[in-house]
Amino acid sequence: MQKHGGRHVVTALCANRGGAVAPHHACGPFSLTHIEKYELRGRNNIYFMCVEFIDGRFVGYAPVVEAEEDDSEAYIGLSTSADGVSWRPWTRVVRSERDVDLGAKKFRYRSLDQPVCGLLRREGRTTLYVQREVPGIYSPSQDCCNKPRTRLEAVDVTQWVA
């Protein structure tokens, strides 16, 4: 991962002290999470991951890039886990684009859009908010003077979280 600068998510298992938050020294070492059907390789990138504990399981969502030399896919992915270490395959809840380095005119490995941490649960519905067109992240057709305004988009993710 370091050779190409790819990002991934790490976790540490901590002792449960009767429901209280464990002190940092009660946690084990950091280790990489495992996401089914997601390959750890240099051009793949999970920029960050928001994780919540809902109804007895972990729900994680992240801006994800899966990239080959000429081909790539960027999206907001959602996954679930029983233990916070081993995760189900990504469900692609929102399509995005991969960004470019405007000066060098070459692709980087972030998505133009990013999830807002904190799912909204109301009246039996679960909503994920996505910040579209994050400032400072550009697609090949954009530059500093040709970029849509950033905005929030509500995405109903109830079917994947219920």
# chains A, B, ... in the order shown; residues from 1 in each chain; ligands from 1
>>> residues_around(residues="stretch 72-89 of chain A", least_positions_apart="4", cutoff="8 Å", atoms="only C-alpha atoms", output="PyMOL selection string")
chain A and resi 11+32-38+56-68+93-98+110-111+113-115+160
>>> select_by_dssp(residues="stretch 62-126 of chain A", states="strand (DSSP E)", output="PyMOL selection string")
chain A and resi 62-67+72-81+86-87+91-96+98-101+106-111+114-115+120-122+125-126
>>> atom_distance(atom1="atom CA of A:Leu40", atom2="atom CA of A:Arg92")
17.6 Å
>>> residues_around(residues="A:Leu13", least_positions_apart="3", cutoff="10 Å", atoms="only C-alpha atoms", output="NGL selection string")
:A and (16 or 26-31 or 83-85)
>>> residues_around(residues="stretch 152-154 of chain A", least_positions_apart="6", cutoff="10 Å", atoms="only C-alpha atoms", output="number ranges by chain")
A: 94, 113-116, 120, 126-134
>>> write_last_selection(atoms="C-alpha atoms", output="CSV table (one decimal), in the first residue's frame")
chain,number,residue,atom,x,y,z
A,94,VAL,CA,-23.8,6.6,-4.8
A,113,ASP,CA,-18.0,13.2,-3.3
A,114,GLN,CA,-17.7,12.2,0.4
A,115,PRO,CA,-20.2,11.0,3.0
A,116,VAL,CA,-21.1,13.1,6.0
A,120,LEU,CA,-30.1,10.1,10.3
A,126,THR,CA,-32.2,5.8,7.5
A,127,THR,CA,-30.6,8.6,5.5
A,128,LEU,CA,-27.0,9.1,4.5
A,129,TYR,CA,-26.0,12.6,3.5
A,130,VAL,CA,-23.3,12.9,0.8
A,131,GLN,CA,-21.3,16.1,0.1
A,132,ARG,CA,-21.2,16.4,-3.7
A,133,GLU,CA,-18.4,18.2,-5.4
A,134,VAL,CA,-16.1,18.6,-2.4
>>> closest_residue(among="A:Gly136, A:Asp99, A:Tyr47, A:Gly118", to="A:Thr150", atoms="only C-alpha atoms")
A:Gly136
>>> closest_residue(among="A:Arg7, A:Gly124, A:Leu112, A:Val155", to="A:Asn44", atoms="only C-alpha atoms")
A:Arg7
>>> closest_residue(among="A:Val9, A:Arg125, A:Thr91, A:Pro135", to="A:Asn45", atoms="only C-alpha atoms")
A:Val9
